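Visitor: Attaching a single structure in structure tokens format; questions to follow.
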Amino acid sequence: MIADLPFTLAALRQAYASGLRPEQVVEEAFRRLDATGDPGILIYTARDEALAAAGELGAYDGRPLWGIPYIAKDNIDVMGMPTTAACSDFAYDAPSDAFVVAQLRAAGAICLGKANLDQFATGLVGVRSPYPVPLNAIDPAIVPGGSSSGSAVAVAHGIASFSLGTDTAGSGRVPAALNSIVGLKPTLGTLSATGVVPACRTLDTVSIFALNVSDAWDVFDVAAQFDAADAYSRNFVKKGGLSKTLPLRVAVPDARTLETFDDDIQRDHFHGDVAKLAALGCEITEIDFTPFYDVASMLYQGAWLAERVAAVGSRLTEKPETLHPTTRAILEPGLDLTAVDAFNGFYRLKALQCQCENALAGIDAICVPTIPHFVTVDDIAADPIGPNSRLGTYTNFVNLLDMCGIAVPTGPRKDGRPGSLTILAGKGEDAKVASLAALLEAGDVGATGWARDKIRYSEPVIGEDEIGLVVCGAHMSGLPLNGELTGRAARLIRKTRTAAKYSFYALAGGPPKRPGMLANADTGGSIEVEVWAVPKSAIGSFLAGIPSPLCLGTVELEDGSRQKGFLCEAAGLDGATDITELGSWRTYLEKMGKMG
């Protein structure tokens, strides 16, 4: 029954391939929303728009997010829906999609609506909204977490497969911990901020909440595209999919500087998580965490508080009554800051950054509790500022230090409250932190009652009536010739890389431009590829359309397995350009796009 269907990407893809329609999934999503009895999750409910979008999808075509329901935080533009940033006086109807939303729409995802948040994304508690405050999905006595409160709660209830949040100080990680789901905070600039209401422009990133790590990574893989219109967009080369072999050197706070604010249960749970890391083969190194705490304390000072004031604009002085009282109280001191204060902040951050880098010499990743302790709704009613600040203990420093990270559930604590761990690493190491997190996730999923081990991602299997095919160019997802596969009911099995033994060329001729891959153990590299399952009944007509000098051969993948795939005859390299060092046809196309 659809009422029992976990909305994981794998479960929905399988259901769609068996005949389930997206309209049924959308109806079920809103049934689940209604069943929560929580009016604070969404600021804007897009029932009609979502059903229309589902109906327009047509037949299942295998796109990576085809028919997948999601929710966007209400500081991210979705065309035709209002954007409020939790301030009704600020509201406007979005004339176009945010860049990230456009990528999701193109991949077939369906937006169910706009999620509640701490006003102007200022807060980690999730209660600083003039709208009804969303309830924590697991325990209403606990704050839902912010600022991406509704985004996290919706996923934790199984309403949406994933949701978009934003993360400046931890808004994409703290709500994940408090609701027992995954929160992926990408490297700054890998997800475009075009069409996102800024909070602290130099530190903002769109984040992803999901039911499991694999789903979060699949969404990231779709959304992480370079945006030339975003001055802060960065074009990091993706380093493949999730890996199962990670002998890493991991730093953790030492016993003296591990801060849980006297929550001994949290301390014990963290030590248990670290023991799991060691059991996986990680080398654990304890470090003095003081400089990281010092960086965290700077986020609401000097330059970065002034930047938040700049984002809110004249509203703070001309319409202060339209702001939530706590938001206003946090921002008003920024009106007195000077350029001197900002530069002094930059100098201090640089000095602390050096200390942090020295502490991490020879380290691959950092492991910290996502939150130091739990905060209740009553705690915030008594003190709106202090408990919020404490929630940022292990999150505030991350964007200031240009790190990526992921919060992952690690099973319940002794008292039954959700345990969560965050894995952090340097910029561009998103695949590394997600891969390690995937080995640690445990416990039930949010408030769904779904056991995580029962919905854990398993790679699709190539059926007896199918042939596996490795593609490296225009036939990959989203590229011009992909329809030649999806039109024959081919299924994407996985995205991966070849073994480091192939030379890669941009062949002469076109359009469309085509690559050529040639085995060359001496000078070859590892090339980005996709493995597709093509029905045997359709493979003949497909291969008949493949022009020379491309040919079918056996391709060795990075995990040592072998599949049939596209290679190139050496005689066809006249006029070709060697692009082996780029390691990716998508990267080559992006480079060519920038040049002309």
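Labels for the structure tokens follow display order: chains A, B, ..., residues from 1 in each chain, ligands from 1.
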Find the residues around Leu360 (chain A) up to 12 Å (only C-alpha atoms counted), leave out those fewer than 2 positions away in its own chain, and share them as a list in words.
Guide: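 That gives Arg249, Val250, Ala251, Val252, Pro253, Thr285, Glu286, Ile287, Asp288, Phe289, Pro291, Phe292, Gln353, Cys354, Gln355, Cys356, Glu357, Asn358, Gly362, Ile363, Asp364, Ala365, Ile366, Cys367, Leu424, Ala425 and Gly426 of chain A.
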Visitor: Dump C-alpha atoms for the selected residues as a PDB file, in the first residue's frame?
Guide:
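Saved to result_39.pdb:
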```
ATOM      1  CA  ARG A 249      42.519  10.023   9.990  1.00  0.00           C
ATOM      2  CA  VAL A 250      39.740  11.663  12.009  1.00  0.00           C
ATOM      3  CA  ALA A 251      40.121  14.443  14.594  1.00  0.00           C
ATOM      4  CA  VAL A 252      37.754  14.728  17.570  1.00  0.00           C
ATOM      5  CA  PRO A 253      37.636  17.238  20.453  1.00  0.00           C
ATOM      6  CA  THR A 285      43.257  11.875  16.990  1.00  0.00           C
ATOM      7  CA  GLU A 286      42.114  14.071  19.876  1.00  0.00           C
ATOM      8  CA  ILE A 287      42.749  17.798  19.419  1.00  0.00           C
ATOM      9  CA  ASP A 288      42.299  20.990  21.411  1.00  0.00           C
ATOM     10  CA  PHE A 289      39.065  22.426  20.037  1.00  0.00           C
ATOM     11  CA  PRO A 291      40.359  27.712  18.275  1.00  0.00           C
ATOM     12  CA  PHE A 292      37.265  26.257  16.585  1.00  0.00           C
ATOM     13  CA  GLN A 353      42.151  29.971  10.808  1.00  0.00           C
ATOM     14  CA  CYS A 354      45.914  29.365  10.955  1.00  0.00           C
ATOM     15  CA  GLN A 355      45.548  27.830  14.418  1.00  0.00           C
ATOM     16  CA  CYS A 356      42.793  25.521  13.187  1.00  0.00           C
ATOM     17  CA  GLU A 357      44.828  24.461  10.149  1.00  0.00           C
ATOM     18  CA  ASN A 358      47.805  23.672  12.378  1.00  0.00           C
ATOM     19  CA  GLY A 362      47.679  15.379   8.612  1.00  0.00           C
ATOM     20  CA  ILE A 363      43.941  15.014   9.358  1.00  0.00           C
ATOM     21  CA  ASP A 364      41.359  13.943   6.751  1.00  0.00           C
ATOM     22  CA  ALA A 365      38.136  14.791   8.590  1.00  0.00           C
ATOM     23  CA  ILE A 366      36.677  16.059  11.871  1.00  0.00           C
ATOM     24  CA  CYS A 367      33.981  14.315  13.891  1.00  0.00           C
ATOM     25  CA  LEU A 424      33.427  17.734   8.522  1.00  0.00           C
ATOM     26  CA  ALA A 425      36.239  18.186   6.018  1.00  0.00           C
ATOM     27  CA  GLY A 426      37.816  20.876   3.880  1.00  0.00           C
TER      28      GLY A 426
END
```
Visitor: I'd like the contact shell of region 203-214 of chain A - 8 Å cut-off, only C-alpha atoms, skipping same-chain residues fewer than 4 positions apart - returned as number ranges by chain.
Guide: A: 8, 151-152, 155-156, 158, 161-168, 172, 176, 181-189, 191-193, 198-199, 218-220, 242, 399-400, 408, 434, 437-438, 441, 445-446, 452, 456-457
Visitor: Give me the residues near Val153 (chain A) as a ChimeraX atom specification, where near means some atom within 8 Å (using only C-alpha atoms) and where sequence neighbours in that chain fewer than 4 positions away do not count.
Guide: /A:41,134-137,144,149,157,175,179
Visitor: So that I have them on file, write out the residues from the current selection with N, CA and C atoms, as a short mmCIF file (atom, residue, chain, number, x, y, z; two decimals), in the first residue's frame.
Guide:
```
data_model
loop_
_atom_site.label_atom_id
_atom_site.label_comp_id
_atom_site.auth_asym_id
_atom_site.auth_seq_id
_atom_site.Cartn_x
_atom_site.Cartn_y
_atom_site.Cartn_z
N ILE A 41 4.29 23.59 9.60
CA ILE A 41 5.35 23.02 8.77
C ILE A 41 5.55 23.85 7.51
N PRO A 134 6.50 25.26 13.73
CA PRO A 134 6.43 23.81 13.54
C PRO A 134 6.85 23.07 14.79
N LEU A 135 6.26 21.90 14.99
CA LEU A 135 6.59 21.08 16.14
C LEU A 135 7.68 20.09 15.77
N ASN A 136 8.61 19.87 16.68
CA ASN A 136 9.60 18.83 16.48
C ASN A 136 8.88 17.52 16.16
N ALA A 137 9.32 16.81 15.13
CA ALA A 137 8.61 15.62 14.67
C ALA A 137 8.65 14.48 15.67
N PRO A 144 12.12 22.55 17.19
CA PRO A 144 12.29 21.84 15.92
C PRO A 144 13.66 22.04 15.29
N SER A 149 13.45 24.99 9.91
CA SER A 149 12.59 24.17 10.77
C SER A 149 11.61 23.31 9.98
N HIS A 157 8.77 13.50 8.98
CA HIS A 157 7.46 12.86 8.96
C HIS A 157 7.26 12.00 7.72
N PRO A 175 18.66 21.26 12.69
CA PRO A 175 17.32 20.65 12.60
C PRO A 175 17.37 19.17 12.23
N ASN A 179 15.66 16.18 14.61
CA ASN A 179 14.55 15.40 14.04
C ASN A 179 15.00 14.06 13.47
#
```
Visitor: Region 34-104 of chain A near region 18-28 of chain A within 7 Å: what's each residue's closest atom pair and its distance in Å to one decimal, counting only C-alpha atoms, ordered by chain then ascending residue number, as JSON lines?
Guide:
```
{"residue": "A:Ala50", "atom": "CA", "partner": "A:Val26", "partner_atom": "CA", "distance": 6.8}
{"residue": "A:Leu51", "atom": "CA", "partner": "A:Glu23", "partner_atom": "CA", "distance": 5.8}
{"residue": "A:Ala54", "atom": "CA", "partner": "A:Pro22", "partner_atom": "CA", "distance": 5.2}
{"residue": "A:Gly55", "atom": "CA", "partner": "A:Glu23", "partner_atom": "CA", "distance": 6.4}
{"residue": "A:Gly67", "atom": "CA", "partner": "A:Pro22", "partner_atom": "CA", "distance": 5.2}
{"residue": "A:Pro69", "atom": "CA", "partner": "A:Val26", "partner_atom": "CA", "distance": 6.9}
```
Visitor: Could you find all residues in region 302-524 of chain A that DSSP calls alpha helix (DSSP H) from the backbone, and write them as a PyMOL selection string?
Guide: chain A and resi 302-312+315-318+325-331+339-359+377-382+386-391+396-400+430-438+452-455+483-486
Visitor: Counting only C-alpha atoms, which of A:Pro140, A:Gly123, A:Gly478, A:Pro515 gets nearest to Pro384 (chain A)?
Guide: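 Ranked by minimum distance to Pro384 (chain A), first place goes to A:Gly123.
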Visitor: Using only C-alpha atoms, can you tell me which of A:Asp268, A:Asp77, A:Glu318, A:Asp38 comes closest to Asp97 (chain A)?
Guide: A:Asp77
Visitor: Might you pull out every residue within 12 Å of Gly386 (chain A), with only C-alpha atoms counted and same-chain residues fewer than 5 positions away left off, and present them as a list of chain:residue names?
Guide: A:Gly123, A:Leu124, A:Val125, A:Thr326, A:Ile330, A:Val375, A:Asp379, A:Ile380, A:Ala381, A:Leu391, A:Gly392, A:Thr393
Visitor: Could you save those same residues with N, CA and C atoms as a short mmCIF file (atom, residue, chain, number, x, y, z; two decimals), in the first residue's frame?
Guide:
```cif
data_model
loop_
_atom_site.label_atom_id
_atom_site.label_comp_id
_atom_site.auth_asym_id
_atom_site.auth_seq_id
_atom_site.Cartn_x
_atom_site.Cartn_y
_atom_site.Cartn_z
N GLY A 123 18.65 32.17 13.19
CA GLY A 123 18.34 31.37 14.37
C GLY A 123 18.61 29.90 14.13
N LEU A 124 18.77 29.16 15.22
CA LEU A 124 18.99 27.72 15.17
C LEU A 124 17.90 26.95 15.91
N VAL A 125 16.88 27.66 16.39
CA VAL A 125 15.86 27.02 17.22
C VAL A 125 14.59 26.70 16.45
N THR A 326 12.86 38.79 18.44
CA THR A 326 14.20 38.24 18.70
C THR A 326 15.13 38.52 17.54
N ILE A 330 18.67 40.71 17.77
CA ILE A 330 19.97 40.19 17.35
C ILE A 330 20.63 41.13 16.36
N VAL A 375 17.64 21.41 23.47
CA VAL A 375 17.00 22.64 23.93
C VAL A 375 15.49 22.45 23.81
N ASP A 379 12.82 26.18 27.40
CA ASP A 379 14.13 26.84 27.55
C ASP A 379 14.17 28.13 26.74
N ILE A 380 13.66 28.10 25.52
CA ILE A 380 13.70 29.26 24.64
C ILE A 380 12.73 30.34 25.11
N ALA A 381 11.59 29.91 25.65
CA ALA A 381 10.64 30.89 26.18
C ALA A 381 11.26 31.68 27.33
N LEU A 391 23.37 25.93 20.75
CA LEU A 391 23.13 24.96 19.68
C LEU A 391 24.14 25.08 18.55
N GLY A 392 24.75 26.26 18.40
CA GLY A 392 25.72 26.48 17.33
C GLY A 392 27.16 26.13 17.69
N THR A 393 27.36 25.50 18.82
CA THR A 393 28.72 25.20 19.30
C THR A 393 29.55 24.48 18.24
#
```
Visitor: Using only C-alpha atoms, find the one residue out of A:Tyr505, A:Trp450, A:Tyr70, A:Tyr44 that sits nearest to Asp4 (chain A).
Guide: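 Of A:Tyr505, A:Trp450, A:Tyr70, A:Tyr44, the one nearest Asp4 (chain A), counting only C-alpha atoms, is A:Trp450.
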Visitor: From a DSSP pass on the backbone, collect the residues of region 235-326 of chain A flagged as strand (DSSP E or B) and hand them back as a list of chain:residue names.
Guide: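 Reading the DSSP output for region 235-326 of chain A, strand (DSSP E or B) covers A:Arg249, A:Val250, A:Ala251, A:Val252, A:Pro253, A:Glu283, A:Ile284, A:Thr285, A:Glu286, A:Ile287.
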Visitor: Restrict the selected residues to N, CA and C atoms and save them as a PDB file, in the first residue's frame.
Guide:
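Once written, result.pdb looks like this:
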```
ATOM      1  N   ARG A 249      42.019   9.473   8.729  1.00  0.00           N
ATOM      2  CA  ARG A 249      42.519  10.023   9.990  1.00  0.00           C
ATOM      3  C   ARG A 249      41.533  11.081  10.446  1.00  0.00           C
ATOM      4  N   VAL A 250      40.860  10.833  11.567  1.00  0.00           N
ATOM      5  CA  VAL A 250      39.740  11.663  12.009  1.00  0.00           C
ATOM      6  C   VAL A 250      40.086  12.349  13.328  1.00  0.00           C
ATOM      7  N   ALA A 251      39.892  13.664  13.370  1.00  0.00           N
ATOM      8  CA  ALA A 251      40.121  14.443  14.594  1.00  0.00           C
ATOM      9  C   ALA A 251      38.816  14.582  15.361  1.00  0.00           C
ATOM     10  N   VAL A 252      38.907  14.504  16.688  1.00  0.00           N
ATOM     11  CA  VAL A 252      37.754  14.728  17.570  1.00  0.00           C
ATOM     12  C   VAL A 252      38.195  15.657  18.700  1.00  0.00           C
ATOM     13  N   PRO A 253      37.259  16.398  19.312  1.00  0.00           N
ATOM     14  CA  PRO A 253      37.636  17.238  20.453  1.00  0.00           C
ATOM     15  C   PRO A 253      38.185  16.383  21.594  1.00  0.00           C
ATOM     16  N   GLU A 283      41.647   6.234  12.056  1.00  0.00           N
ATOM     17  CA  GLU A 283      42.638   6.574  13.071  1.00  0.00           C
ATOM     18  C   GLU A 283      42.154   7.831  13.795  1.00  0.00           C
ATOM     19  N   ILE A 284      41.875   7.724  15.084  1.00  0.00           N
ATOM     20  CA  ILE A 284      41.279   8.817  15.855  1.00  0.00           C
ATOM     21  C   ILE A 284      42.375   9.639  16.533  1.00  0.00           C
ATOM     22  N   THR A 285      42.312  10.956  16.357  1.00  0.00           N
ATOM     23  CA  THR A 285      43.257  11.875  16.990  1.00  0.00           C
ATOM     24  C   THR A 285      42.486  12.928  17.775  1.00  0.00           C
ATOM     25  N   GLU A 286      42.766  13.047  19.061  1.00  0.00           N
ATOM     26  CA  GLU A 286      42.114  14.071  19.876  1.00  0.00           C
ATOM     27  C   GLU A 286      42.868  15.389  19.743  1.00  0.00           C
ATOM     28  N   ILE A 287      42.124  16.480  19.572  1.00  0.00           N
ATOM     29  CA  ILE A 287      42.749  17.798  19.419  1.00  0.00           C
ATOM     30  C   ILE A 287      42.089  18.810  20.348  1.00  0.00           C
TER      31      ILE A 287
END
```
Visitor: Return as JSON lines the residues of region 371-396 of chain A lying at most 10 Å from region 254-263 of chain A, together with the closest atom-to-atom pair for each and the distance in Å to one decimal, counting only C-alpha atoms, with rows in chain order and ascending residue number.
Guide:
```
{"residue": "A:Ile371", "atom": "CA", "partner": "A:Thr260", "partner_atom": "CA", "distance": 8.1}
{"residue": "A:Pro372", "atom": "CA", "partner": "A:Thr260", "partner_atom": "CA", "distance": 4.4}
{"residue": "A:His373", "atom": "CA", "partner": "A:Thr260", "partner_atom": "CA", "distance": 5.7}
{"residue": "A:Phe374", "atom": "CA", "partner": "A:Asp263", "partner_atom": "CA", "distance": 8.5}
{"residue": "A:Arg390", "atom": "CA", "partner": "A:Phe261", "partner_atom": "CA", "distance": 8.5}
{"residue": "A:Leu391", "atom": "CA", "partner": "A:Thr260", "partner_atom": "CA", "distance": 10.0}
{"residue": "A:Thr393", "atom": "CA", "partner": "A:Glu259", "partner_atom": "CA", "distance": 8.0}
{"residue": "A:Tyr394", "atom": "CA", "partner": "A:Glu259", "partner_atom": "CA", "distance": 9.1}
```
Visitor: Given only C-alpha atoms as the basis, pick out the residue of A:Ala570, A:Ala278, A:Ala576, A:Val398 nearest to Gly510 (chain A).
Guide: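 Residue with the minimum atom-to-atom distance to Gly510 (chain A): A:Ala576.
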Visitor: Kindly give the distance, in Å, that separates CA of Cys111 (chain A) and CA of Tyr16 (chain A), rounded to a single decimal.
Guide: 17.6 Å
Visitor: So how many Å separate CA of Ile142 (chain A) and CA of Phe120 (chain A), to one decimal?
Guide: 21.7 Å
